[in-house]
Structure formats: C-alpha cells, structure tokens
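Engineer: Next comes the structure file upload_39.cif, holding mmCIF, C-alpha atoms.
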data_input
loop_
_atom_site.label_atom_id
_atom_site.label_comp_id
_atom_site.auth_asym_id
_atom_site.auth_seq_id
_atom_site.Cartn_x
_atom_site.Cartn_y
_atom_site.Cartn_z
CA MET J 247 103.66 -13.47 98.12
CA ARG J 248 102.58 -10.70 100.37
CA ASP J 249 99.25 -11.93 101.57
CA SER J 250 97.91 -15.43 101.42
CA THR J 251 94.41 -14.74 102.59
CA HIS J 252 91.80 -15.46 100.00
CA TYR J 253 88.38 -16.33 101.15
CA ILE J 254 84.77 -15.52 100.70
CA VAL J 255 82.94 -14.66 103.88
CA ASP J 256 79.51 -13.24 104.43
CA VAL J 257 79.57 -9.95 106.26
CA SER J 258 76.99 -11.30 108.71
CA ARG J 259 79.59 -13.88 109.82
CA ILE J 260 82.18 -11.17 110.33
CA GLN J 261 79.63 -9.28 112.36
CA ASN J 262 79.01 -12.33 114.56
CA ILE J 263 82.64 -13.17 115.08
CA LEU J 264 83.60 -9.62 115.99
CA LYS J 265 80.36 -9.05 117.92
CA ALA J 266 80.26 -5.96 115.80
CA LYS J 267 77.86 -3.11 115.76
CA VAL J 268 76.54 -2.42 112.27
CA TRP J 269 76.57 1.27 111.39
CA VAL J 270 75.92 0.98 107.69
CA SER J 271 74.79 -2.13 105.91
CA ASN J 272 75.57 -2.67 102.25
CA THR J 273 72.35 -2.86 100.31
CA SER J 274 73.67 -4.93 97.42
CA SER J 275 72.82 -8.61 97.36
CA ASN J 276 76.34 -10.05 97.49
CA GLU J 277 77.37 -8.84 100.89
CA HIS J 278 80.60 -10.76 101.29
CA ILE J 279 84.29 -10.04 101.34
CA THR J 280 87.23 -11.84 99.80
CA GLY J 281 89.99 -10.80 102.17
CA ILE J 282 90.97 -8.70 105.13
CA TYR J 283 93.52 -5.93 105.33
CA ALA J 284 94.57 -4.55 108.70
CA SER J 285 96.24 -1.14 108.73
CA ASP J 286 96.09 2.41 110.03
CA LEU J 287 98.15 3.86 107.20
CA MET J 288 96.06 4.72 104.21
CA SER J 289 98.85 4.68 101.62
CA ASP J 290 99.54 1.13 102.70
CA VAL J 291 95.92 0.21 102.09
CA LEU J 292 96.06 1.83 98.66
CA ALA J 293 99.32 0.08 97.81
CA TYR J 294 98.64 -3.45 99.01
CA GLY J 295 94.94 -3.87 99.75
CA LYS J 296 93.09 -6.16 97.37
CA PRO J 297 89.71 -5.37 95.79
CA GLY J 298 86.80 -7.02 97.59
CA SER J 299 88.49 -6.86 100.98
CA MET J 300 87.39 -5.41 104.28
CA LEU J 301 89.55 -2.81 105.96
CA LEU J 302 90.22 -3.34 109.65
CA THR J 303 91.50 -0.10 111.12
CA GLY J 304 91.84 2.10 114.17
CA LEU J 305 91.90 5.23 112.05
CA ASN J 306 88.53 6.72 112.82
CA THR J 307 88.24 9.40 110.14
CA VAL J 308 86.39 9.67 106.85
CA GLN J 309 89.78 9.10 105.13
CA ALA J 310 89.61 5.44 106.16
CA VAL J 311 86.40 4.89 104.20
CA ILE J 312 87.55 7.02 101.27
CA SER J 313 90.78 5.01 101.03
CA ALA J 314 88.84 1.76 101.26
CA TYR J 315 86.54 2.95 98.49
CA MET J 316 89.47 3.94 96.28
CA ALA J 317 90.99 0.49 96.77
CA GLU J 318 87.65 -1.16 95.86
CA PHE J 319 87.07 -2.57 99.34
CA ARG J 320 83.57 -3.65 100.32
CA GLY J 321 83.57 -2.09 103.76
CA VAL J 322 85.37 -1.04 106.92
CA ALA J 323 85.44 -2.32 110.50
CA PHE J 324 86.67 0.07 113.19
CA ILE J 325 88.42 -1.47 116.18
CA ARG J 326 88.44 -0.50 119.88
CA ASN J 327 84.79 0.46 119.80
CA LYS J 328 85.29 3.66 117.89
CA SER J 329 82.10 5.40 116.82
CA PRO J 330 82.41 6.58 113.23
CA GLU J 331 81.56 10.18 112.48
CA GLU J 332 78.41 11.06 110.56
CA GLU J 333 80.56 12.15 107.62
CA THR J 334 82.09 8.68 107.46
CA LEU J 335 78.69 6.99 107.55
CA LYS J 336 77.30 9.32 104.91
CA PHE J 337 80.17 8.56 102.54
CA ALA J 338 79.76 4.81 103.10
CA ARG J 339 76.01 4.95 102.47
CA GLU J 340 76.50 6.86 99.24
CA LYS J 341 79.05 4.36 97.98
CA GLY J 342 77.24 1.22 99.11
CA MET J 343 79.89 0.17 101.60
CA PHE J 344 79.30 -1.42 104.99
CA VAL J 345 80.66 0.01 108.25
CA LEU J 346 81.11 -1.99 111.45
CA SER J 347 82.70 -1.36 114.81
CA THR J 348 83.99 -3.87 117.34
CA GLU J 349 85.22 -3.76 120.92
CA SER J 350 88.25 -5.88 120.03
CA ASP J 351 91.65 -4.33 119.58
CA MET J 352 93.50 -4.95 116.34
CA TYR J 353 95.24 -8.15 117.45
CA GLU J 354 92.11 -9.73 118.87
CA ALA J 355 90.09 -8.79 115.78
CA CYS J 356 92.76 -10.22 113.45
CA VAL J 357 92.99 -13.41 115.46
CA LYS J 358 89.24 -13.93 115.52
CA LEU J 359 89.00 -13.42 111.79
CA ALA J 360 92.07 -15.54 111.06
CA THR J 361 90.40 -18.51 112.67
CA LEU J 362 87.55 -18.39 110.16
CA GLU J 363 87.55 -21.79 108.56
CA SER J 364 85.72 -20.93 105.40
CA LYS J 365 88.70 -20.42 103.18
CA VAL J 366 87.50 -20.97 99.67
CA SER J 367 89.47 -21.06 96.50
CA GLU J 368 89.45 -17.73 94.78
CA GLU J 369 86.12 -16.96 93.25
CA VAL J 370 86.11 -15.00 90.09
CA MET J 371 85.24 -11.47 91.07
CA GLU J 372 82.23 -9.95 89.54
CA VAL J 373 83.29 -7.91 86.58
CA GLU J 374 81.34 -4.80 85.86
CA GLU J 375 80.08 -4.36 82.38
CA VAL J 376 82.45 -2.28 80.37
CA SER J 377 81.23 -0.11 77.60
CA LYS J 378 83.67 1.59 75.30
CA ALA J 379 84.51 5.19 75.91
CA GLU J 380 84.23 7.29 72.81
CA ASN J 381 84.48 11.02 73.19
CA ILE J 382 87.06 13.15 74.86
CA THR J 383 85.81 14.79 78.03
CA THR J 384 87.55 17.35 80.20
CA HIS J 385 86.71 18.24 83.77
CA SER J 386 88.38 20.72 86.11
CA PHE J 387 88.58 20.67 89.88
CA PHE J 388 90.07 22.75 92.66
CA ILE J 389 91.80 21.57 95.85
CA ASP J 390 92.32 23.76 98.90
CA GLY J 391 95.59 23.10 100.74
CA ASN J 392 95.29 22.06 104.38
CA ASP J 393 91.55 21.40 104.00
CA PHE J 394 91.55 17.97 105.59
CA ALA J 395 87.78 18.01 105.99
CA ASN J 396 87.30 17.83 102.22
CA ALA J 397 90.41 15.85 101.36
CA GLY J 398 89.54 13.04 99.00
CA LEU J 399 86.49 14.66 97.45
CA VAL J 400 88.12 15.51 94.13
CA SER J 401 89.41 11.97 93.64
CA THR J 402 86.01 10.61 94.62
CA GLN J 403 84.41 12.74 91.89
CA ILE J 404 87.03 11.68 89.36
CA LYS J 405 86.46 8.05 90.16
CA ALA J 406 82.70 8.46 89.72
CA LEU J 407 83.25 10.19 86.38
CA LEU J 408 85.54 7.43 85.13
CA LYS J 409 82.99 4.85 86.22
CA SER J 410 80.20 6.63 84.39
CA ILE J 411 82.30 6.74 81.22
CA GLY J 412 82.66 2.99 81.56
CA TYR J 413 86.38 2.24 81.75
CA ASP J 414 87.76 -1.11 82.83
CA PRO J 415 87.49 -1.40 86.66
CA GLN J 416 91.22 -2.13 86.94
CA ILE J 417 92.17 1.13 85.24
CA ILE J 418 89.62 3.05 87.29
CA ARG J 419 91.11 1.63 90.47
CA ARG J 420 94.65 2.59 89.44
CA ALA J 421 93.54 6.06 88.41
CA ALA J 422 91.55 6.54 91.62
CA ILE J 423 94.46 5.51 93.84
CA SER J 424 96.91 7.76 92.01
CA THR J 425 94.55 10.71 92.09
CA TYR J 426 93.88 10.26 95.78
CA GLU J 427 97.58 10.17 96.65
CA ALA J 428 98.22 13.29 94.56
CA GLU J 429 95.27 15.04 96.17
CA MET J 430 96.53 14.21 99.67
CA ASN J 431 99.94 15.57 98.74
CA VAL J 432 98.31 18.87 97.79
CA VAL J 433 96.33 18.98 101.03
CA MET J 434 99.42 18.25 103.10
CA HIS J 435 102.08 20.22 101.30
CA ALA J 436 100.56 22.93 99.08
CA ARG J 437 98.32 25.99 99.35
CA LYS J 438 96.00 25.06 96.50
CA ALA J 439 95.88 23.19 93.24
CA ASP J 440 94.03 23.04 89.96
CA VAL J 441 93.27 19.58 88.68
CA THR J 442 92.22 18.69 85.16
CA LEU J 443 91.01 15.32 84.00
CA THR J 444 91.02 14.52 80.31
CA ALA J 445 89.48 11.20 79.39
CA SER J 446 89.26 9.65 75.94
CA ASP J 447 89.13 6.19 74.42
CA LYS J 448 92.93 6.21 74.18
CA GLU J 449 94.01 7.52 77.55
CA ILE J 450 93.15 9.05 80.89
CA TYR J 451 95.28 12.07 81.65
CA ILE J 452 95.20 13.86 85.00
CA ILE J 453 97.25 16.93 85.77
CA PHE J 454 97.76 18.57 89.19
CA ILE J 455 99.23 22.07 89.24
CA ASP J 456 99.79 23.32 92.76
CA GLU J 457 101.08 26.45 94.41
CA GLY J 458 103.18 25.57 97.40
CA LYS J 459 106.58 24.78 98.75
CA GLY J 460 107.57 22.49 95.88
CA ILE J 461 109.77 19.40 96.09
CA LYS J 462 113.45 19.99 96.73
CA ASP J 463 114.73 16.58 95.67
CA ILE J 464 112.35 14.58 93.47
CA ASP J 465 114.51 11.42 93.51
CA LEU J 466 114.43 11.44 97.28
CA ALA J 467 110.67 12.07 97.32
CA MET J 468 110.22 9.05 95.04
CA GLN J 469 111.84 6.77 97.63
CA GLU J 470 109.46 4.71 99.68
CA GLY J 471 109.45 5.83 103.29
CA TYR J 472 110.73 9.35 102.67
CA SER J 473 108.30 11.94 103.98
CA THR J 474 108.25 15.53 105.17
CA ALA J 475 104.81 15.14 106.75
CA THR J 476 104.17 16.43 110.25
CA GLU J 477 103.18 14.25 113.20
CA GLU J 478 99.65 15.59 112.86
CA GLN J 479 99.43 14.46 109.26
CA ARG J 480 100.85 11.07 110.15
CA ALA J 481 98.17 10.72 112.80
CA LEU J 482 95.64 10.94 109.98
CA GLY J 483 97.20 7.88 108.42
CA PHE J 484 99.13 9.76 105.77
CA GLY J 485 102.73 10.82 105.41
CA ALA J 486 104.17 7.32 105.40
CA GLY J 487 106.33 8.33 102.45
CA MET J 488 104.46 6.14 100.03
CA GLY J 489 102.45 8.71 98.07
CA LEU J 490 104.60 9.38 95.02
CA PRO J 491 105.92 5.79 94.82
CA ASN J 492 102.31 4.64 94.96
CA ILE J 493 101.35 6.90 92.05
CA LYS J 494 104.30 5.63 90.04
CA LYS J 495 103.35 2.04 90.77
CA ASN J 496 99.81 2.55 89.47
CA ALA J 497 100.32 4.94 86.56
CA ASP J 498 101.48 4.05 83.06
CA GLU J 499 103.48 7.25 83.02
CA LEU J 500 104.24 9.87 85.63
CA GLU J 501 105.90 13.23 85.14
CA ILE J 502 106.88 15.51 87.99
CA ASN J 503 108.16 19.05 87.66
CA SER J 504 108.75 21.19 90.68
CA VAL J 505 110.20 24.55 91.66
CA VAL J 506 110.98 25.12 95.32
CA ASP J 507 108.72 27.75 96.92
CA VAL J 508 106.65 28.02 93.75
CA GLY J 509 104.85 24.75 93.21
CA THR J 510 104.67 21.32 91.67
CA ARG J 511 103.15 19.92 88.51
CA ILE J 512 102.23 16.26 88.45
CA GLU J 513 101.01 14.58 85.27
CA ILE J 514 99.62 11.09 85.38
CA TYR J 515 98.79 8.98 82.32
CA PHE J 516 96.83 5.77 81.96
CA TYR J 517 96.71 4.16 78.54
CA ILE J 518 93.63 2.28 77.39
CA LYS J 519 94.60 -0.97 75.75
CA MET M 138 106.86 -17.00 125.67
CA LYS M 139 110.43 -16.12 124.73
CA LEU M 140 111.12 -13.75 121.86
CA LYS M 141 113.77 -16.16 120.53
CA ASP M 142 111.17 -18.90 120.01
CA ILE M 143 108.90 -16.57 118.08
CA VAL M 144 111.73 -15.39 115.83
CA GLU M 145 112.75 -18.97 115.08
CA ASN M 146 109.27 -20.34 114.57
CA LEU M 147 108.13 -17.59 112.22
CA SER M 148 111.54 -17.10 110.53
CA LEU M 149 111.52 -13.39 111.25
CA ASP M 150 114.46 -11.29 110.07
CA VAL M 151 116.35 -9.67 112.93
CA LEU M 152 117.41 -6.17 111.83
CA THR M 153 119.02 -4.99 115.07
CA ASN M 154 121.11 -6.43 117.89
CA PHE M 155 119.15 -9.23 119.48
CA GLU M 156 118.33 -9.52 123.15
CA ASP M 157 115.97 -12.28 124.30
CA LYS M 158 112.96 -11.02 126.24
CA GLU M 159 109.72 -12.35 127.64
CA VAL M 160 106.77 -11.62 125.34
CA THR M 161 103.48 -10.93 127.08
CA GLY M 162 101.07 -10.23 124.24
CA VAL M 163 100.65 -8.41 120.97
CA TYR M 164 99.63 -4.89 120.13
CA ILE M 165 98.92 -3.82 116.56
CA SER M 166 98.82 -0.20 115.51
CA ASP M 167 100.37 2.20 113.05
CA MET M 168 99.65 5.25 115.18
CA LEU M 169 102.30 6.11 117.72
CA SER M 170 100.04 7.93 120.15
CA ASP M 171 97.74 4.91 120.20
CA VAL M 172 100.61 2.54 120.94
CA MET M 173 101.93 4.78 123.69
CA SER M 174 98.58 4.97 125.41
CA ASN M 175 97.39 1.39 124.98
CA ALA M 176 100.22 -1.12 124.50
CA GLN M 177 101.50 -2.95 127.58
CA ALA M 178 105.08 -3.49 128.65
CA GLY M 179 106.40 -6.72 127.15
CA ASN M 180 104.02 -6.60 124.17
CA LEU M 181 105.16 -7.35 120.66
CA TRP M 182 104.30 -4.34 118.57
CA VAL M 183 103.27 -5.01 114.97
CA THR M 184 103.33 -2.05 112.60
CA ILE M 185 104.29 -0.88 109.13
CA GLN M 186 105.63 2.40 110.47
CA THR M 187 109.39 2.64 110.08
CA HIS M 188 110.08 6.24 111.00
CA LYS M 189 112.73 6.49 113.73
CA ASN M 190 110.06 7.75 116.13
CA ILE M 191 108.98 4.12 116.58
CA VAL M 192 112.17 3.53 118.56
CA ALA M 193 111.30 6.21 121.06
CA ALA M 194 107.78 4.86 121.45
CA ALA M 195 108.97 1.25 121.83
CA ASN M 196 111.58 2.30 124.35
CA LEU M 197 109.19 4.44 126.39
CA ILE M 198 106.71 1.66 127.00
CA ASP M 199 109.17 -1.27 127.13
CA ILE M 200 107.97 -3.14 124.06
CA SER M 201 109.60 -6.60 123.81
CA ALA M 202 110.15 -6.15 120.05
CA VAL M 203 108.82 -4.28 117.07
CA ILE M 204 107.74 -6.42 114.11
CA VAL M 205 107.63 -4.44 110.88
CA SER M 206 105.21 -6.29 108.61
CA GLN M 207 104.38 -6.27 104.93
CA GLY M 208 108.06 -6.48 103.97
CA THR M 209 108.40 -2.77 104.65
CA LYS M 210 112.02 -1.66 104.47
CA VAL M 211 113.36 -0.13 107.68
CA PRO M 212 115.68 2.87 107.20
CA ASP M 213 119.23 2.67 108.55
CA GLU M 214 118.74 5.62 110.90
CA THR M 215 115.87 3.77 112.60
CA ILE M 216 118.03 0.66 113.03
CA GLU M 217 120.96 2.70 114.38
CA LEU M 218 118.75 4.39 116.93
CA ALA M 219 117.21 1.05 117.92
CA ASN M 220 120.65 -0.42 118.56
CA ARG M 221 121.50 2.53 120.76
CA TYR M 222 118.41 1.99 122.94
CA ASN M 223 118.38 -1.83 122.84
CA VAL M 224 115.11 -1.97 120.95
CA VAL M 225 114.74 -5.15 118.90
CA ILE M 226 113.29 -4.68 115.39
CA LEU M 227 112.14 -7.67 113.35
CA ASN M 228 110.93 -7.86 109.78
CA THR M 229 108.47 -10.13 107.97
CA ASN M 230 106.95 -10.26 104.50
CA ASP M 231 103.59 -11.30 105.94
CA SER M 232 100.80 -8.76 106.13
CA THR M 233 99.74 -7.66 109.60
CA PHE M 234 96.62 -9.79 109.30
CA THR M 235 98.44 -12.97 108.26
CA LEU M 236 101.10 -12.50 110.94
CA SER M 237 98.42 -12.15 113.63
CA GLY M 238 97.07 -15.60 112.79
CA LYS M 239 100.55 -17.11 113.06
CA LEU M 240 101.34 -15.44 116.39
CA TYR M 241 98.07 -16.73 117.79
CA GLN M 242 98.82 -20.25 116.60
CA LEU M 243 102.11 -20.07 118.50
CA GLY M 244 100.04 -19.47 121.60
CA ILE M 245 100.35 -15.74 122.22
CA LYS M 246 97.02 -14.66 123.55
#
Take the structure in the file and give it back as structure tokens.
Structural biologist:
Amino acid sequence: MRDSTHYIVDVSRIQNILKAKVWVSNTSSNEHITGIYASDLMSDVLAYGKPGSMLLTGLNTVQAVISAYMAEFRGVAFIRNKSPEEETLKFAREKGMFVLSTESDMYEACVKLATLESKVSEEVMEVEEVSKAENITTHSFFIDGNDFANAGLVSTQIKALLKSIGYDPQIIRRAAISTYEAEMNVVMHARKADVTLTASDKEIYIIFIDEGKGIKDIDLAMQEGYSTATEEQRALGFGAGMGLPNIKKNADELEINSVVDVGTRIEIYFYIK
Amino acid sequence: MKLKDIVENLSLDVLTNFEDKEVTGVYISDMLSDVMSNAQAGNLWVTIQTHKNIVAAANLIDISAVIVSQGTKVPDETIELANRYNVVILNTNDSTFTLSGKLYQLGIK
C-alpha cells in the first residue's frame, strides 16, 4: 500500500496546527479533508493523490491548485510562507477550494500534521448525484504551445463540461487528469494543438492534434521517469516523465501517433459502463 | 543520529554503496534549486525526483542521504553517478507524508 493515511480532519484544525494564514476559505459546509499529500511534482499528485485530500506543496504557481482540482483535492497549503498569486486565489475561489500558507517547511508541516490523533476509519465519501448522459456533444478547444500562463485552462473547461453532463465522478477525475497531462505536454513540447471532446452516453473521447517536434521513440516516452523537459519546466513541477504513463493509467484506451518534426496525435477513450 | 540506524529502523532499500554518516535533520523538496538554497549539510533529503541531477545537488550541499519516496524507481544512470560521488540513495514505498511521520518518531527533529 502506498499511503496509509486516512483520516477526516476539519480544515480549521489544520489551520491551527500549521498556524496557517487563510487565503481562501471553502464556502461549502463540509470543510474537512480525508488525507494529505506532500509533493512539488504535479504529475505525482495526479498519479497518487487521493480525492478529498489536501495538497502540501512548495510549488507556488497556479498549476498547484489546478492539479489539486483535477485530482479532486479539497484545498492546498503552501509551505515556507509563500504568498499565492492572485491568479491562484481566483482559481481556488471559483472552484470552491481552500488555500492556506504556513511558515513551516515541508518536513515540519508533515510532522505536525502526522501527529494529528484524529485518525478515523474511512468515511464514505460524498457521492455526487449522477444523471445519465444522453446526447452526443462535441466541443473544440485550442492550446498555445509554451503559454504557461494559461496552461490547464482547457482541461479545466473540459472537466466542467463533463461535470455538467453528469458523468460518474470517478470517470470525470480520470478524464480530467489525462486531459491535463496531455495539455501540459502540448504546452511544454509543441507549438499549438487542437483539442476535441466528444461525449456521449457510451464514451468520452478526447483527441489532441499538435504541431511540434513529435515523439521520436514512443515506447521510451511511455516509460515512467523518461522526460525531455527543460530545467525550467521541471521547476514548474512538470517534466517528471510521468505524463504519458499517467494518461495510460487513467484511460480505458490510449492511442499515440507521432511524426518527428511534424506533430503528435493523442486519442484518449473512456468507456461508460 | 546515524544513517545506519534510520535505514534499519525504517527498512529502507539501499540502492547505492553505503557509507554511514551523521544525520542532522530532514529537508523535503522536489525542486532542486530549493534544496540547494535551503537544505543544510547533513540533512536527509526526501524527494520523488530521480533525475541524475539530484546527485549533483546532494553532493554540492553534503546531504547525508537521499530518500526517494513513493516507491519511485531510480534510473541506473542516477545510481552510477551517485556511486561515483559517494552519495547514498535510499528507497521507500511510503509517501513523503507518511515517511515524515516515521522519521519524526525516530527522533529526527
């Protein structure tokens, strides 16, 4: 088992323990979390973070909150007294997530939280009401390569669309994570991409067609840890070589076609059972 | 506290040559520039980064050992480089958060 932490804690207790500053407070009534995930690498959060958790991170960019949202986290706490940017706070407010900051460094924050005694047996997570999707809908999006300021916006829109259609939260989470990883790949490695989402009561189909340098060796790119990202991109918490493996892990089917110096086509399928 | 005691108590996997060192604290980060500016000599460094650049960072600031958490696989080229510079790399299946609790219980403040 990768992580044995299951507990229900009120966010106000977290705030007390970390002596945290509250930047955004979640307005929903059940302000509690069911676990903690500490990481600065966003693919790691998307791969292993559990829904209902709080993200503890030193990565002070809007990508931290977007990743947390994609992974169905309740909120984010920034360590080492980092002041979140307005963009980060705005995103959190819109999505009903809380944002805290603490003076502690990562180790101190983890230790303080680990000593919380209120471990409770797993509570059944609230399940959103699911209504059946009926019609086929198609939506198109555009991603600009190297536009880190807007990275994550397309997947955020796709997630909102899937939610409004009323799919099962588990499928939405898997689709959101896959879409986000694919979007970040475009931002890091391509000039631009067209994205089309087709959603029906049988499947969710998302296709990314980018113009860019392409993937030389797809088998190699599918290996966890392999990355051609620059130091700058890694500093943003991406480029850990987990993107494509993460998509594969979440999707029911993944097809990749690529031509070097031309571009890459990624097709992701989720089947509705 | 000695590195050897920590390895034994937490059943950490030793991926490189082992050299016992004095551990003075813990620093957690996945960003190299952050580690290089804030970690102290003798600290245990907990991360899920496995790129060979971690060896250079650990070596530069005299980290007592790198613990790669979350069961993340460490590439051979990273291990080879670590052996060349006498950097100790350890592996655990625990998440960074869970591992922190255990290190604290051992008495590393």
Engineer: In Å to one decimal, how far is CA of Leu301 (chain J) from CA of Phe388 (chain J)?
Structural biologist: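 Computing it gives 28.8 Å between the two atoms.
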Engineer: Using the chain letters and numbers from this file, what does the PyMOL selection byres ((chain J and resi 445) around 7) select? Give the answer as an MDAnalysis selection string.
Structural biologist: chainID J and resid 382:384 443:444 446 449:451
Engineer: Provide the CA of Glu159 (chain M) to CA of Lys141 (chain M) distance in Å, to one decimal place.
Structural biologist: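 CA of Lys141 (chain M) lies 9.0 Å from CA of Glu159 (chain M).
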Engineer: Could you give me, as a PyMOL selection string, the residues within 7 Å of Val151 (chain M), counting all atoms listed in the file and dropping anything in the same chain fewer than 6 positions from it?
Structural biologist: chain M and resi 226-228
Engineer: So that each row is one residue of chain M with an atom at most 10 Å from chain J, can you give its shortest atom pair and the distance in Å to one decimal, using all atoms listed in the file, rows by chain and rising number, as a Markdown table?
Structural biologist:
| residue | atom | partner | partner_atom | distance |
| --- | --- | --- | --- | --- |
| M:Gly162 | CA | J:Tyr353 | CA | 9.2 |
| M:Val163 | CA | J:Tyr353 | CA | 6.5 |
| M:Tyr164 | CA | J:Tyr353 | CA | 6.1 |
| M:Ile165 | CA | J:Met352 | CA | 5.5 |
| M:Ser166 | CA | J:Asp286 | CA | 6.7 |
| M:Asp167 | CA | J:Asp286 | CA | 5.2 |
| M:Met168 | CA | J:Ala481 | CA | 6.1 |
| M:Leu169 | CA | J:Ala481 | CA | 7.9 |
| M:Ser170 | CA | J:Ala481 | CA | 8.1 |
| M:Asp171 | CA | J:Gly304 | CA | 8.9 |
| M:Asn175 | CA | J:Asp351 | CA | 9.7 |
| M:Trp182 | CA | J:Tyr353 | CA | 9.9 |
| M:Val183 | CA | J:Tyr353 | CA | 9.0 |
| M:Thr184 | CA | J:Ser285 | CA | 8.1 |
| M:Ile185 | CA | J:Leu287 | CA | 8.0 |
| M:Gln186 | CA | J:Ala486 | CA | 7.2 |
| M:Thr187 | CA | J:Gly471 | CA | 7.5 |
| M:His188 | CA | J:Gly471 | CA | 7.7 |
| M:Asn190 | CA | J:Glu477 | CA | 9.9 |
| M:Ser206 | CA | J:Arg248 | CA | 9.7 |
| M:Gln207 | CA | J:Arg248 | CA | 6.6 |
| M:Gly208 | CA | J:Arg248 | CA | 7.8 |
| M:Thr209 | CA | J:Gly471 | CA | 8.8 |
| M:Lys210 | CA | J:Gly471 | CA | 8.0 |
| M:Val211 | CA | J:Gly471 | CA | 8.4 |
| M:Pro212 | CA | J:Gly471 | CA | 7.9 |
| M:Thr229 | CA | J:Arg248 | CA | 9.6 |
| M:Asn230 | CA | J:Arg248 | CA | 6.0 |
| M:Asp231 | CA | J:Arg248 | CA | 5.7 |
| M:Ser232 | CA | J:Asp249 | CA | 5.8 |
| M:Thr233 | CA | J:Ala284 | CA | 6.1 |
| M:Phe234 | CA | J:Ala284 | CA | 5.7 |
| M:Thr235 | CA | J:Asp249 | CA | 6.8 |
| M:Leu236 | CA | J:Cys356 | CA | 9.0 |
| M:Ser237 | CA | J:Val357 | CA | 5.9 |
| M:Gly238 | CA | J:Ala360 | CA | 5.3 |
| M:Lys239 | CA | J:Val357 | CA | 8.8 |
| M:Leu240 | CA | J:Val357 | CA | 8.6 |
| M:Tyr241 | CA | J:Val357 | CA | 6.5 |
| M:Gln242 | CA | J:Val357 | CA | 9.1 |
| M:Lys246 | CA | J:Glu354 | CA | 8.4 |
Engineer: Could you list the residues chosen by the PyMOL selection byres ((chain M and resi 178) around 10) in this structure as a PDB file with C-alpha atoms, keeping the file's coordinate frame?
Structural biologist:
ATOM      1  CA  VAL M 160     106.770 -11.620 125.340  1.00  0.00           C
ATOM      2  CA  THR M 161     103.480 -10.930 127.080  1.00  0.00           C
ATOM      3  CA  GLY M 162     101.070 -10.230 124.240  1.00  0.00           C
ATOM      4  CA  ASN M 175      97.390   1.390 124.980  1.00  0.00           C
ATOM      5  CA  ALA M 176     100.220  -1.120 124.500  1.00  0.00           C
ATOM      6  CA  GLN M 177     101.500  -2.950 127.580  1.00  0.00           C
ATOM      7  CA  GLY M 179     106.400  -6.720 127.150  1.00  0.00           C
ATOM      8  CA  ASN M 180     104.020  -6.600 124.170  1.00  0.00           C
ATOM      9  CA  LEU M 181     105.160  -7.350 120.660  1.00  0.00           C
ATOM     10  CA  ALA M 195     108.970   1.250 121.830  1.00  0.00           C
ATOM     11  CA  ASN M 196     111.580   2.300 124.350  1.00  0.00           C
ATOM     12  CA  LEU M 197     109.190   4.440 126.390  1.00  0.00           C
ATOM     13  CA  ILE M 198     106.710   1.660 127.000  1.00  0.00           C
ATOM     14  CA  ASP M 199     109.170  -1.270 127.130  1.00  0.00           C
ATOM     15  CA  ILE M 200     107.970  -3.140 124.060  1.00  0.00           C
ATOM     16  CA  SER M 201     109.600  -6.600 123.810  1.00  0.00           C
TER      17      SER M 201
END
Engineer: Just say which residues the PyMOL selection byres ((chain M and resi 222) around 12) picks in this file, as a PyMOL selection string.
Structural biologist: chain M and resi 153-156+189+191-197+199-200+202+215-221+223-226
Engineer: Would you work out the distance separating CA of Ile312 (chain J) from CA of Ala422 (chain J), expressed in Å to one decimal?
Structural biologist: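 So the two atoms, CA of Ile312 (chain J) and CA of Ala422 (chain J), lie 10.5 Å apart.
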Engineer: Draw an axis-aligned box tight on the listed atoms of region 173-179 of chain M, then pad every side by 3 Å and write out centre and edge lengths in Å to one decimal as lines of an AutoDock Vina configuration file.
Structural biologist:
center_x = 101.9
center_y = -0.9
center_z = 126.2
size_x = 15.0
size_y = 17.7
size_z = 11.0
Engineer: I'd like the neighbourhood of Lys438 (chain J) as a PyMOL selection string, where a residue qualifies if any of its atoms comes within 6 Å (using only C-alpha atoms), though same-chain residues fewer than 4 positions away should be ignored.
Structural biologist: chain J and resi 389-391+456-457
Engineer: Find the residue from J:Glu427, J:Leu500, J:Glu478, J:Asp507 that sits nearest to Lys462 (chain J); use all atoms listed in the file when measuring.
Structural biologist: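 Counting all atoms listed in the file, the residue closest to Lys462 (chain J) is J:Asp507.
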Engineer: Nearest to Phe337 (chain J): which of J:Phe324, J:Tyr315, J:Tyr413, J:Phe516 is it, counting only C-alpha atoms?
Structural biologist: J:Tyr315
Engineer: Counting all atoms listed in the file, note down every residue that has an atom within 9 Å of the point (84.2, -11.2, 112.3) (file coordinates), as a list in words.
Structural biologist: Val257, Ser258, Arg259, Ile260, Gln261, Asn262, Ile263, Leu264, Lys265, Ala266, Thr348, Ala355, Cys356, Lys358, Leu359 and Leu362 of chain J
Engineer: Given the choices J:Ala497, J:Ile502, J:Met288, J:Ile411, which gets closest to Asp465 (chain J) if the distance is worked out from all atoms listed in the file?
Structural biologist: J:Ile502
